>>> print(open('query.cif').read())   # mmCIF, C-alpha atoms; chains and numbers go by the auth columns
data_protein
loop_
_atom_site.group_PDB
_atom_site.id
_atom_site.type_symbol
_atom_site.label_atom_id
_atom_site.label_comp_id
_atom_site.label_asym_id
_atom_site.label_seq_id
_atom_site.Cartn_x
_atom_site.Cartn_y
_atom_site.Cartn_z
_atom_site.B_iso_or_equiv
_atom_site.auth_seq_id
_atom_site.auth_asym_id
ATOM 1 C CA MET A 1 103.074 105.105 69.791 0.00 4 A
ATOM 2 C CA GLY A 2 101.450 107.424 67.284 0.00 5 A
ATOM 3 C CA ASN A 3 97.743 108.098 67.242 0.00 6 A
ATOM 4 C CA ARG A 4 96.606 104.496 67.538 0.00 7 A
ATOM 5 C CA LEU A 5 93.598 104.091 69.812 0.00 8 A
ATOM 6 C CA THR A 6 93.914 101.395 72.464 0.00 9 A
ATOM 7 C CA ALA A 7 90.746 100.017 74.003 0.00 10 A
ATOM 8 C CA ILE A 8 91.094 99.003 77.653 0.00 11 A
ATOM 9 C CA ALA A 9 88.441 96.771 79.173 0.00 12 A
ATOM 10 C CA PHE A 10 87.809 97.419 82.836 0.00 13 A
ATOM 11 C CA ALA A 11 86.074 95.326 85.463 0.00 14 A
ATOM 12 C CA LEU A 12 82.730 96.550 86.738 0.00 15 A
ATOM 13 C CA ALA A 13 81.716 97.542 83.192 0.00 16 A
ATOM 14 C CA LEU A 14 84.235 100.405 83.097 0.00 17 A
ATOM 15 C CA SER A 15 86.115 101.180 79.918 0.00 18 A
ATOM 16 C CA ALA A 16 88.439 103.814 78.493 0.00 19 A
ATOM 17 C CA CYS A 17 90.427 104.469 75.339 0.00 20 A
ATOM 18 C CA SER A 18 93.723 106.254 74.926 0.00 21 A
ATOM 19 C CA SER A 19 96.380 106.874 72.337 0.00 22 A
ATOM 20 C CA THR A 20 100.008 107.041 73.312 0.00 23 A
ATOM 21 C CA PRO A 21 102.216 109.636 71.628 0.00 24 A
ATOM 22 C CA SER A 22 105.986 109.872 71.690 0.00 25 A
ATOM 23 C CA VAL A 23 106.103 112.596 74.315 0.00 26 A
ATOM 24 C CA TYR A 24 109.751 113.570 74.568 0.00 27 A
ATOM 25 C CA TYR A 25 110.841 115.087 77.827 0.00 28 A
ATOM 26 C CA ALA A 26 114.502 116.083 78.141 0.00 29 A
ATOM 27 C CA GLN A 27 116.282 116.204 81.493 0.00 30 A
ATOM 28 C CA THR A 28 118.457 119.089 80.287 0.00 31 A
ATOM 29 C CA PRO A 29 116.690 122.335 79.313 0.00 32 A
ATOM 30 C CA ALA A 30 116.961 123.549 75.724 0.00 33 A
ATOM 31 C CA SER A 31 116.092 126.880 74.128 0.00 34 A
ATOM 32 C CA GLY A 32 112.353 127.458 74.385 0.00 35 A
ATOM 33 C CA HIS A 33 111.841 124.518 76.761 0.00 36 A
ATOM 34 C CA ALA A 34 109.905 125.017 79.970 0.00 37 A
ATOM 35 C CA ASN A 35 112.339 125.797 82.771 0.00 38 A
ATOM 36 C CA GLN A 36 113.033 122.823 85.031 0.00 39 A
ATOM 37 C CA THR A 37 114.700 123.699 88.323 0.00 40 A
ATOM 38 C CA TYR A 38 115.775 120.114 88.933 0.00 41 A
ATOM 39 C CA GLN A 39 116.710 119.097 85.405 0.00 42 A
ATOM 40 C CA ALA A 40 120.119 120.614 84.827 0.00 43 A
ATOM 41 C CA GLY A 41 122.864 118.478 86.305 0.00 44 A
ATOM 42 C CA THR A 42 120.545 116.102 88.084 0.00 45 A
ATOM 43 C CA ALA A 43 121.644 112.515 88.488 0.00 46 A
ATOM 44 C CA ALA A 44 118.041 111.327 88.488 0.00 47 A
ATOM 45 C CA ALA A 45 117.352 109.326 85.339 0.00 48 A
ATOM 46 C CA GLN A 46 114.230 109.740 83.246 0.00 49 A
ATOM 47 C CA GLY A 47 111.806 106.874 83.733 0.00 50 A
ATOM 48 C CA PRO A 48 109.846 104.680 81.316 0.00 51 A
ATOM 49 C CA PHE A 49 106.550 106.605 81.505 0.00 52 A
ATOM 50 C CA ARG A 50 105.147 108.161 78.326 0.00 53 A
ATOM 51 C CA PRO A 51 101.855 110.054 78.826 0.00 54 A
ATOM 52 C CA ASN A 52 98.772 108.951 76.901 0.00 55 A
ATOM 53 C CA ALA A 53 97.617 111.483 74.313 0.00 56 A
ATOM 54 C CA ASN A 54 93.985 111.348 75.479 0.00 57 A
ATOM 55 C CA LEU A 55 92.068 110.964 78.722 0.00 58 A
ATOM 56 C CA PHE A 56 88.523 109.588 78.978 0.00 59 A
ATOM 57 C CA VAL A 57 85.995 109.591 81.790 0.00 60 A
ATOM 58 C CA CYS A 58 85.077 106.149 83.081 0.00 61 A
ATOM 59 C CA ASN A 59 81.907 104.708 81.591 0.00 62 A
ATOM 60 C CA ASN A 60 78.855 103.541 83.499 0.00 63 A
ATOM 61 C CA ILE A 61 79.548 105.512 86.671 0.00 64 A
ATOM 62 C CA SER A 62 78.511 108.967 87.832 0.00 65 A
ATOM 63 C CA ILE A 63 81.398 111.419 87.414 0.00 66 A
ATOM 64 C CA SER A 64 81.492 114.313 89.867 0.00 67 A
ATOM 65 C CA ASN A 65 82.864 117.539 88.367 0.00 68 A
ATOM 66 C CA ARG A 66 82.753 115.911 84.953 0.00 69 A
ATOM 67 C CA PRO A 67 84.878 117.789 82.392 0.00 70 A
ATOM 68 C CA ILE A 68 83.536 118.525 78.917 0.00 71 A
ATOM 69 C CA THR A 69 83.725 115.385 76.780 0.00 72 A
ATOM 70 C CA ASN A 70 82.741 114.218 73.326 0.00 73 A
ATOM 71 C CA GLY A 71 80.236 111.434 72.632 0.00 74 A
ATOM 72 C CA SER A 72 82.745 108.705 73.424 0.00 75 A
ATOM 73 C CA GLY A 73 83.728 110.196 76.780 0.00 76 A
ATOM 74 C CA LYS A 74 87.042 111.662 75.603 0.00 77 A
ATOM 75 C CA ILE A 75 87.883 114.830 77.491 0.00 78 A
ATOM 76 C CA LYS A 76 87.965 117.787 75.117 0.00 79 A
ATOM 77 C CA ASN A 77 91.052 119.992 74.887 0.00 80 A
ATOM 78 C CA PHE A 78 93.061 117.554 76.998 0.00 81 A
ATOM 79 C CA SER A 79 96.834 118.013 76.918 0.00 82 A
ATOM 80 C CA PRO A 80 99.087 115.163 78.124 0.00 83 A
ATOM 81 C CA MET A 81 101.632 117.703 79.380 0.00 84 A
ATOM 82 C CA VAL A 82 100.845 121.094 80.924 0.00 85 A
ATOM 83 C CA VAL A 83 102.918 123.991 82.266 0.00 86 A
ATOM 84 C CA ALA A 84 102.606 125.429 85.791 0.00 87 A
ATOM 85 C CA ASN A 85 104.898 128.333 86.731 0.00 88 A
ATOM 86 C CA GLY A 86 107.258 127.330 83.926 0.00 89 A
ATOM 87 C CA ILE A 87 107.354 123.675 85.013 0.00 90 A
ATOM 88 C CA ALA A 88 106.192 121.027 82.540 0.00 91 A
ATOM 89 C CA LEU A 89 104.095 118.299 84.203 0.00 92 A
ATOM 90 C CA ALA A 90 102.193 115.197 83.139 0.00 93 A
ATOM 91 C CA THR A 91 98.469 115.913 83.432 0.00 94 A
ATOM 92 C CA ALA A 92 97.652 112.264 84.283 0.00 95 A
ATOM 93 C CA PRO A 93 100.743 110.436 85.640 0.00 96 A
ATOM 94 C CA ALA A 94 99.610 106.884 84.871 0.00 97 A
ATOM 95 C CA ASN A 95 98.858 104.989 81.674 0.00 98 A
ATOM 96 C CA ASP A 96 95.588 103.583 80.332 0.00 99 A
ATOM 97 C CA VAL A 97 93.467 105.250 82.988 0.00 100 A
ATOM 98 C CA CYS A 98 90.065 106.892 83.032 0.00 101 A
ATOM 99 C CA MET A 99 88.774 109.640 85.311 0.00 102 A
ATOM 100 C CA THR A 100 86.358 108.755 88.090 0.00 103 A
ATOM 101 C CA SER A 101 86.167 112.222 89.677 0.00 104 A
ATOM 102 C CA GLY A 102 87.201 115.693 88.610 0.00 105 A
ATOM 103 C CA PHE A 103 88.469 118.730 90.464 0.00 106 A
ATOM 104 C CA GLY A 104 85.920 120.795 92.371 0.00 107 A
ATOM 105 C CA PRO A 105 83.203 120.671 95.068 0.00 108 A
ATOM 106 C CA ARG A 106 82.111 117.154 95.997 0.00 109 A
ATOM 107 C CA TYR A 107 79.825 115.958 98.785 0.00 110 A
ATOM 108 C CA GLY A 108 80.047 119.342 100.507 0.00 111 A
ATOM 109 C CA ARG A 109 83.838 119.487 100.422 0.00 112 A
ATOM 110 C CA MET A 110 86.456 120.568 97.903 0.00 113 A
ATOM 111 C CA HIS A 111 87.962 117.703 95.908 0.00 114 A
ATOM 112 C CA LYS A 112 91.443 119.104 95.342 0.00 115 A
ATOM 113 C CA GLY A 113 92.638 116.761 92.621 0.00 116 A
ATOM 114 C CA ILE A 114 91.548 114.346 89.939 0.00 117 A
ATOM 115 C CA ASP A 115 90.904 110.633 90.488 0.00 118 A
ATOM 116 C CA LEU A 116 92.258 108.185 87.923 0.00 119 A
ATOM 117 C CA GLN A 117 91.528 104.466 87.675 0.00 120 A
ATOM 118 C CA SER A 118 92.796 101.486 85.717 0.00 121 A
ATOM 119 C CA ARG A 119 92.138 97.741 85.831 0.00 122 A
ATOM 120 C CA PRO A 120 94.347 96.084 86.836 0.00 123 A
ATOM 121 C CA ALA A 121 95.741 98.708 89.187 0.00 124 A
ATOM 122 C CA GLY A 122 98.472 100.582 87.329 0.00 125 A
ATOM 123 C CA THR A 123 101.851 102.055 88.158 0.00 126 A
ATOM 124 C CA VAL A 124 101.962 105.703 89.224 0.00 127 A
ATOM 125 C CA TYR A 125 104.827 107.838 87.896 0.00 128 A
ATOM 126 C CA SER A 126 106.479 111.133 88.786 0.00 129 A
ATOM 127 C CA ALA A 127 104.875 113.923 86.765 0.00 130 A
ATOM 128 C CA ALA A 128 108.097 115.933 86.441 0.00 131 A
ATOM 129 C CA PRO A 129 111.681 115.942 87.701 0.00 132 A
ATOM 130 C CA GLY A 130 112.062 117.071 91.280 0.00 133 A
ATOM 131 C CA ARG A 131 112.867 116.190 94.866 0.00 134 A
ATOM 132 C CA VAL A 132 110.753 113.828 96.952 0.00 135 A
ATOM 133 C CA LEU A 133 109.457 115.590 100.071 0.00 136 A
ATOM 134 C CA GLU A 134 107.029 113.094 101.586 0.00 137 A
ATOM 135 C CA VAL A 135 106.664 109.321 101.491 0.00 138 A
ATOM 136 C CA SER A 136 104.133 108.816 104.233 0.00 139 A
ATOM 137 C CA VAL A 137 100.882 107.342 105.465 0.00 140 A
ATOM 138 C CA GLN A 138 98.061 109.813 106.142 0.00 141 A
ATOM 139 C CA SER A 139 94.598 109.059 107.510 0.00 142 A
ATOM 140 C CA GLY A 140 92.801 110.544 104.500 0.00 143 A
ATOM 141 C CA PHE A 141 95.284 110.095 101.665 0.00 144 A
ATOM 142 C CA GLY A 142 96.631 106.732 102.818 0.00 145 A
ATOM 143 C CA ASN A 143 100.003 105.965 101.248 0.00 146 A
ATOM 144 C CA GLN A 144 101.003 109.241 99.607 0.00 147 A
ATOM 145 C CA VAL A 145 103.991 110.865 97.907 0.00 148 A
ATOM 146 C CA VAL A 146 104.656 114.594 97.573 0.00 149 A
ATOM 147 C CA ILE A 147 107.288 115.907 95.143 0.00 150 A
ATOM 148 C CA GLU A 148 108.758 119.417 94.822 0.00 151 A
ATOM 149 C CA HIS A 149 109.435 120.434 91.215 0.00 152 A
ATOM 150 C CA GLY A 150 110.757 123.967 91.669 0.00 153 A
ATOM 151 C CA ASN A 151 109.218 127.405 91.079 0.00 154 A
ATOM 152 C CA GLY A 152 106.684 126.755 93.839 0.00 155 A
ATOM 153 C CA VAL A 153 105.178 123.711 92.075 0.00 156 A
ATOM 154 C CA TYR A 154 104.444 120.413 93.861 0.00 157 A
ATOM 155 C CA THR A 155 102.514 117.228 93.114 0.00 158 A
ATOM 156 C CA ARG A 156 100.729 114.750 95.388 0.00 159 A
ATOM 157 C CA TYR A 157 99.974 111.082 94.607 0.00 160 A
ATOM 158 C CA ALA A 158 97.580 109.465 97.103 0.00 161 A
ATOM 159 C CA HIS A 159 95.853 106.156 97.995 0.00 162 A
ATOM 160 C CA LEU A 160 98.787 104.061 96.732 0.00 163 A
ATOM 161 C CA SER A 161 98.708 100.378 97.623 0.00 164 A
ATOM 162 C CA ARG A 162 102.484 100.368 97.967 0.00 165 A
ATOM 163 C CA PHE A 163 105.536 102.537 97.408 0.00 166 A
ATOM 164 C CA SER A 164 108.282 101.749 94.934 0.00 167 A
ATOM 165 C CA ALA A 165 111.348 100.138 96.514 0.00 168 A
ATOM 166 C CA ASN A 166 113.861 102.558 98.062 0.00 169 A
ATOM 167 C CA LEU A 167 111.651 105.630 97.499 0.00 170 A
ATOM 168 C CA ARG A 168 112.563 108.068 100.266 0.00 171 A
ATOM 169 C CA PRO A 169 112.217 111.742 101.185 0.00 172 A
ATOM 170 C CA GLY A 170 115.078 113.922 100.031 0.00 173 A
ATOM 171 C CA GLN A 171 115.974 111.985 96.911 0.00 174 A
ATOM 172 C CA LYS A 172 116.043 113.561 93.468 0.00 175 A
ATOM 173 C CA ILE A 173 113.757 111.927 90.951 0.00 176 A
ATOM 174 C CA GLY A 174 113.458 112.139 87.180 0.00 177 A
ATOM 175 C CA PHE A 175 110.382 112.515 85.024 0.00 178 A
ATOM 176 C CA GLY A 176 108.344 109.312 84.688 0.00 179 A
ATOM 177 C CA GLN A 177 109.957 107.306 87.476 0.00 180 A
ATOM 178 C CA PRO A 178 107.714 104.760 89.267 0.00 181 A
ATOM 179 C CA LEU A 179 106.415 105.913 92.648 0.00 182 A
ATOM 180 C CA GLY A 180 104.179 102.951 93.471 0.00 183 A
ATOM 181 C CA THR A 181 100.908 101.307 92.506 0.00 184 A
ATOM 182 C CA MET A 182 97.458 102.859 92.725 0.00 185 A
ATOM 183 C CA GLY A 183 95.350 101.465 95.527 0.00 186 A
ATOM 184 C CA ALA A 184 92.591 102.140 98.056 0.00 187 A
ATOM 185 C CA THR A 185 94.510 103.102 101.207 0.00 188 A
ATOM 186 C CA GLY A 186 93.230 105.914 103.400 0.00 189 A
ATOM 187 C CA ASN A 187 89.771 107.336 102.767 0.00 190 A
ATOM 188 C CA ALA A 188 89.091 105.596 99.448 0.00 191 A
ATOM 189 C CA THR A 189 86.154 103.470 98.352 0.00 192 A
ATOM 190 C CA ALA A 190 87.838 101.939 95.300 0.00 193 A
ATOM 191 C CA ILE A 191 91.281 101.422 93.828 0.00 194 A
ATOM 192 C CA HIS A 192 92.469 104.624 92.156 0.00 195 A
ATOM 193 C CA LEU A 193 95.061 107.399 92.120 0.00 196 A
ATOM 194 C CA HIS A 194 94.232 110.787 93.616 0.00 197 A
ATOM 195 C CA TYR A 195 96.538 113.290 91.883 0.00 198 A
ATOM 196 C CA GLU A 196 97.078 116.931 92.821 0.00 199 A
ATOM 197 C CA ILE A 197 99.080 119.826 91.380 0.00 200 A
ATOM 198 C CA LEU A 198 99.901 122.234 94.203 0.00 201 A
ATOM 199 C CA LEU A 199 101.305 125.773 94.190 0.00 202 A
ATOM 200 C CA GLY A 200 102.878 127.863 96.939 0.00 203 A
ATOM 201 C CA ASN A 201 105.595 127.657 99.571 0.00 204 A
ATOM 202 C CA TYR A 202 106.081 124.320 101.307 0.00 205 A
ATOM 203 C CA ASN A 203 107.751 126.022 104.279 0.00 206 A
ATOM 204 C CA ASN A 204 104.487 126.801 106.017 0.00 207 A
ATOM 205 C CA PRO A 205 103.053 125.323 109.226 0.00 208 A
ATOM 206 C CA LYS A 206 100.837 122.880 107.319 0.00 209 A
ATOM 207 C CA ARG A 207 103.494 121.822 104.785 0.00 210 A
ATOM 208 C CA SER A 208 101.776 120.189 101.779 0.00 211 A
ATOM 209 C CA TYR A 209 98.353 120.807 103.344 0.00 212 A
ATOM 210 C CA GLY A 210 99.057 124.547 103.251 0.00 213 A
ATOM 211 C CA LEU A 211 99.606 124.633 99.481 0.00 214 A
ATOM 212 C CA GLU A 212 97.012 125.749 96.931 0.00 215 A
ATOM 213 C CA ALA A 213 95.502 122.936 94.866 0.00 216 A
ATOM 214 C CA ARG A 214 94.815 123.653 91.204 0.00 217 A
ATOM 215 C CA ASN A 215 92.909 121.655 88.606 0.00 218 A
ATOM 216 C CA PRO A 216 95.469 119.730 86.499 0.00 219 A
ATOM 217 C CA LEU A 217 93.223 120.257 83.461 0.00 220 A
ATOM 218 C CA SER A 218 93.280 124.050 83.873 0.00 221 A
ATOM 219 C CA PHE A 219 96.908 124.711 83.006 0.00 222 A
ATOM 220 C CA PRO A 220 98.120 125.645 79.507 0.00 223 A
ATOM 221 C CA ALA A 221 99.463 122.909 77.270 0.00 224 A
ATOM 222 C CA TRP A 222 103.206 122.331 77.142 0.00 225 A
ATOM 223 C CA GLN A 223 104.510 122.984 73.635 0.00 226 A
ATOM 224 C CA GLY A 224 107.614 120.825 73.987 0.00 227 A
ATOM 225 C CA LEU A 225 111.081 121.581 72.772 0.00 228 A
ATOM 226 C CA SER A 226 111.527 124.305 70.202 0.00 229 A
#
>>> encode(input="query.cif", output="C-alpha cells")
Amino acid sequence: MGNRLTAIAFALALSACSSTPSVYYAQTPASGHANQTYQAGTAAAQGPFRPNANLFVCNNISISNRPITNGSGKIKNFSPMVVANGIALATAPANDVCMTSGFGPRYGRMHKGIDLQSRPAGTVYSAAPGRVLEVSVQSGFGNQVVIEHGNGVYTRYAHLSRFSANLRPGQKIGFGQPLGTMGATGNATAIHLHYEILLGNYNNPKRSYGLEARNPLSFPAWQGLS
C-alpha cells in the first residue's frame, strides 16, 4: 500500500515497477461516485484486487503503439481507475504487470486492446461490477471472458490459460473478482492478458465483436468517492 515502489523481476530480461495504492471501490453508489448499474443491491461481493498506482512498459522488447513514458518506462498520466460512460473501471485488471503492446494499428490490423504481462503468469480480475456475458473459447482470443457493466460499457479478457472455478455466463460479479489466469491460448505468441474496453449495444448480430473498442488509457481518471 501507499506509494512504495515494488520491483518485479521478469524472465527473458523483462522488468517492471509498480506502486499499489489503497484504491477504494464501493459496491453501493455514494454522492459524487461514478454511477454503477450493477452495484446497488447486487449480491456479488467485491474481490481482493487493488489496482497498481503505476503501469510500466516491459523492458528489452519492442513495444507497438508505445504510450508516452518517462526514462524508467513508467507510463505518463496513467490512472489506475478510469471512467467510461459513468462507469468506473480498472485500467489494467491485473497486478504487477507491464505492457507489451498498446492500443492501435499493428501488423496491418487494429489492435483493439492493451496487452499486459507478468512473470509468473498472474491472476486476471474483473475491472468493474457487472454481469458475465461470455465464458468461451474463440479461435483468436482463446479462452476469453466478456462482462457487461451497464451504460453500454463492456470489457473483454482474452488468452487466459484457465477460467476461475464456477465462472459462468449470466452471473453477477463484483469489482476485482478473479476471472482466471493469463495465458497464451488462441492467437498468442507469449503468455499475457489482452484487455479491451468496449462501448455500444451487445444486442447486435456480432455480439461482442460488434462493439466499439476504445483505448483503456484514453478515458478520464476516476476521482473516487466524494
>>> atom_distance(input="query.cif", atom1="atom CA of A:Asn146", atom2="atom CA of A:Ala161")
5.9 Å
>>> resolve_selection(input="query.cif", expression="the PyMOL selection byres ((chain A and resi 132) around 6)", output="list of chain:residue names")
A:Tyr41, A:Ala131, A:Gly133, A:Ile176, A:Gly177, A:Phe178
>>> write_last_selection(input="query.cif", atoms="C-alpha atoms", output="short mmCIF file (atom, residue, chain, number, x, y, z; two decimals), keeping the file's coordinate frame")
data_model
loop_
_atom_site.label_atom_id
_atom_site.label_comp_id
_atom_site.auth_asym_id
_atom_site.auth_seq_id
_atom_site.Cartn_x
_atom_site.Cartn_y
_atom_site.Cartn_z
CA TYR A 41 115.78 120.11 88.93
CA ALA A 131 108.10 115.93 86.44
CA GLY A 133 112.06 117.07 91.28
CA ILE A 176 113.76 111.93 90.95
CA GLY A 177 113.46 112.14 87.18
CA PHE A 178 110.38 112.52 85.02
#
>>> atom_distance(input="query.cif", atom1="atom CA of A:Glu137", atom2="atom CA of A:Asn169")
13.0 Å
>>> closest_residue(input="query.cif", among="A:Leu182, A:Ile194, A:Leu92, A:Leu136", to="A:Arg122", atoms="only C-alpha atoms")
A:Ile194
>>> residues_around(input="query.cif", residues="stretch 72-84 of chain A", least_positions_apart="4", cutoff="6 Å", atoms="all atoms listed in the file", output="JSON, numbers by chain")
{"A": [54, 56, 58, 59, 60, 92, 93, 94, 224, 225]}
>>> closest_residue(input="query.cif", among="A:Tyr198, A:Tyr205, A:Tyr128, A:Phe52", to="A:Asn218", atoms="all atoms listed in the file")
A:Tyr198
>>> resolve_selection(input="query.cif", expression="the PyMOL selection byres ((chain A and resi 98-114) around 8)", output="VMD selection string")
chain A and resid 11 18 to 21 52 to 55 58 to 61 64 to 70 95 to 97 115 to 121 125 to 126 218
>>> atom_distance(input="query.cif", atom1="atom CA of A:Glu199", atom2="atom CA of A:Ser164")
17.3 Å
>>> resolve_selection(input="query.cif", expression="the PyMOL selection byres ((chain A and resi 152) around 9)", output="PyMOL selection string")
chain A and resi 39-41+90+131-135+150-151+153-158
>>> residues_around(input="query.cif", residues="A:Ala191", least_positions_apart="4", cutoff="9 Å", atoms="only C-alpha atoms", output="ChimeraX atom specification")
/A:143-145,162,186-187,195
>>> closest_residue(input="query.cif", among="A:Ser167, A:Asn62, A:Ala124, A:Leu201", to="A:Gly213", atoms="only C-alpha atoms")
A:Leu201
>>> closest_residue(input="query.cif", among="A:Thr188, A:Pro208, A:Leu202, A:Arg165", to="A:Gly89", atoms="all atoms listed in the file")
A:Leu202
>>> closest_residue(input="query.cif", among="A:Ala48, A:Val149, A:Val127, A:Val138", to="A:Tyr212", atoms="all atoms listed in the file")
A:Val149
>>> build_atoms(input="query.cif", residues="stretch 61-70 of chain A", atoms="all heavy atoms", output="JSON list (two decimals), keeping the file's coordinate frame")
[["chain", "number", "residue", "atom", "x", "y", "z"],
["A", 61, "CYS", "N", 85.46, 107.55, 82.98],
["A", 61, "CYS", "CA", 85.08, 106.15, 83.08],
["A", 61, "CYS", "C", 83.60, 105.99, 82.74],
["A", 61, "CYS", "O", 82.76, 106.79, 83.17],
["A", 61, "CYS", "CB", 85.34, 105.63, 84.49],
["A", 61, "CYS", "SG", 87.07, 105.61, 84.95],
["A", 62, "ASN", "N", 83.28, 104.96, 81.99],
["A", 62, "ASN", "CA", 81.91, 104.71, 81.59],
["A", 62, "ASN", "C", 81.11, 104.06, 82.72],
["A", 62, "ASN", "O", 81.66, 103.43, 83.62],
["A", 62, "ASN", "CB", 81.88, 103.77, 80.37],
["A", 62, "ASN", "CG", 82.43, 104.45, 79.14],
["A", 62, "ASN", "OD1", 82.48, 105.67, 79.05],
["A", 62, "ASN", "ND2", 82.87, 103.64, 78.19],
["A", 63, "ASN", "N", 79.80, 104.25, 82.64],
["A", 63, "ASN", "CA", 78.86, 103.54, 83.50],
["A", 63, "ASN", "C", 78.95, 103.90, 84.97],
["A", 63, "ASN", "O", 78.49, 103.15, 85.83],
["A", 63, "ASN", "CB", 79.00, 102.02, 83.34],
["A", 63, "ASN", "CG", 78.79, 101.57, 81.92],
["A", 63, "ASN", "OD1", 77.94, 102.10, 81.20],
["A", 63, "ASN", "ND2", 79.58, 100.60, 81.48],
["A", 64, "ILE", "N", 79.57, 105.03, 85.29],
["A", 64, "ILE", "CA", 79.55, 105.51, 86.67],
["A", 64, "ILE", "C", 79.27, 107.01, 86.63],
["A", 64, "ILE", "O", 79.50, 107.67, 85.62],
["A", 64, "ILE", "CB", 80.86, 105.23, 87.43],
["A", 64, "ILE", "CG1", 82.03, 105.99, 86.79],
["A", 64, "ILE", "CG2", 81.17, 103.75, 87.48],
["A", 64, "ILE", "CD1", 83.31, 105.89, 87.59],
["A", 65, "SER", "N", 78.78, 107.54, 87.74],
["A", 65, "SER", "CA", 78.51, 108.97, 87.83],
["A", 65, "SER", "C", 79.81, 109.70, 88.12],
["A", 65, "SER", "O", 80.52, 109.37, 89.07],
["A", 65, "SER", "CB", 77.50, 109.24, 88.94],
["A", 65, "SER", "OG", 77.28, 110.61, 89.09],
["A", 66, "ILE", "N", 80.14, 110.69, 87.28],
["A", 66, "ILE", "CA", 81.40, 111.42, 87.41],
["A", 66, "ILE", "C", 81.12, 112.77, 88.06],
["A", 66, "ILE", "O", 80.44, 113.62, 87.48],
["A", 66, "ILE", "CB", 82.07, 111.65, 86.04],
["A", 66, "ILE", "CG1", 82.28, 110.32, 85.32],
["A", 66, "ILE", "CG2", 83.38, 112.40, 86.19],
["A", 66, "ILE", "CD1", 83.27, 109.41, 85.97],
["A", 67, "SER", "N", 81.63, 113.00, 89.27],
["A", 67, "SER", "CA", 81.49, 114.31, 89.87],
["A", 67, "SER", "C", 82.47, 115.27, 89.20],
["A", 67, "SER", "O", 83.58, 114.89, 88.83],
["A", 67, "SER", "CB", 81.76, 114.25, 91.37],
["A", 67, "SER", "OG", 83.08, 113.81, 91.63],
["A", 68, "ASN", "N", 82.05, 116.52, 89.03],
["A", 68, "ASN", "CA", 82.86, 117.54, 88.37],
["A", 68, "ASN", "C", 83.35, 117.06, 87.01],
["A", 68, "ASN", "O", 84.52, 117.20, 86.65],
["A", 68, "ASN", "CB", 84.06, 117.92, 89.24],
["A", 68, "ASN", "CG", 83.64, 118.44, 90.60],
["A", 68, "ASN", "OD1", 82.87, 119.39, 90.69],
["A", 68, "ASN", "ND2", 84.11, 117.79, 91.66],
["A", 69, "ARG", "N", 82.42, 116.49, 86.25],
["A", 69, "ARG", "CA", 82.75, 115.91, 84.95],
["A", 69, "ARG", "C", 83.25, 117.00, 84.00],
["A", 69, "ARG", "O", 82.59, 118.01, 83.78],
["A", 69, "ARG", "CB", 81.52, 115.23, 84.36],
["A", 69, "ARG", "CG", 81.75, 114.55, 83.02],
["A", 69, "ARG", "CD", 80.45, 114.05, 82.42],
["A", 69, "ARG", "NE", 80.67, 113.39, 81.14],
["A", 69, "ARG", "CZ", 80.70, 112.06, 80.98],
["A", 69, "ARG", "NH1", 80.51, 111.29, 82.02],
["A", 69, "ARG", "NH2", 80.91, 111.54, 79.79],
["A", 70, "PRO", "N", 84.42, 116.82, 83.39],
["A", 70, "PRO", "CA", 84.88, 117.79, 82.39],
["A", 70, "PRO", "C", 84.08, 117.64, 81.11],
["A", 70, "PRO", "O", 83.34, 116.67, 80.92],
["A", 70, "PRO", "CB", 86.35, 117.40, 82.20],
["A", 70, "PRO", "CG", 86.40, 115.95, 82.55],
["A", 70, "PRO", "CD", 85.38, 115.74, 83.63]]
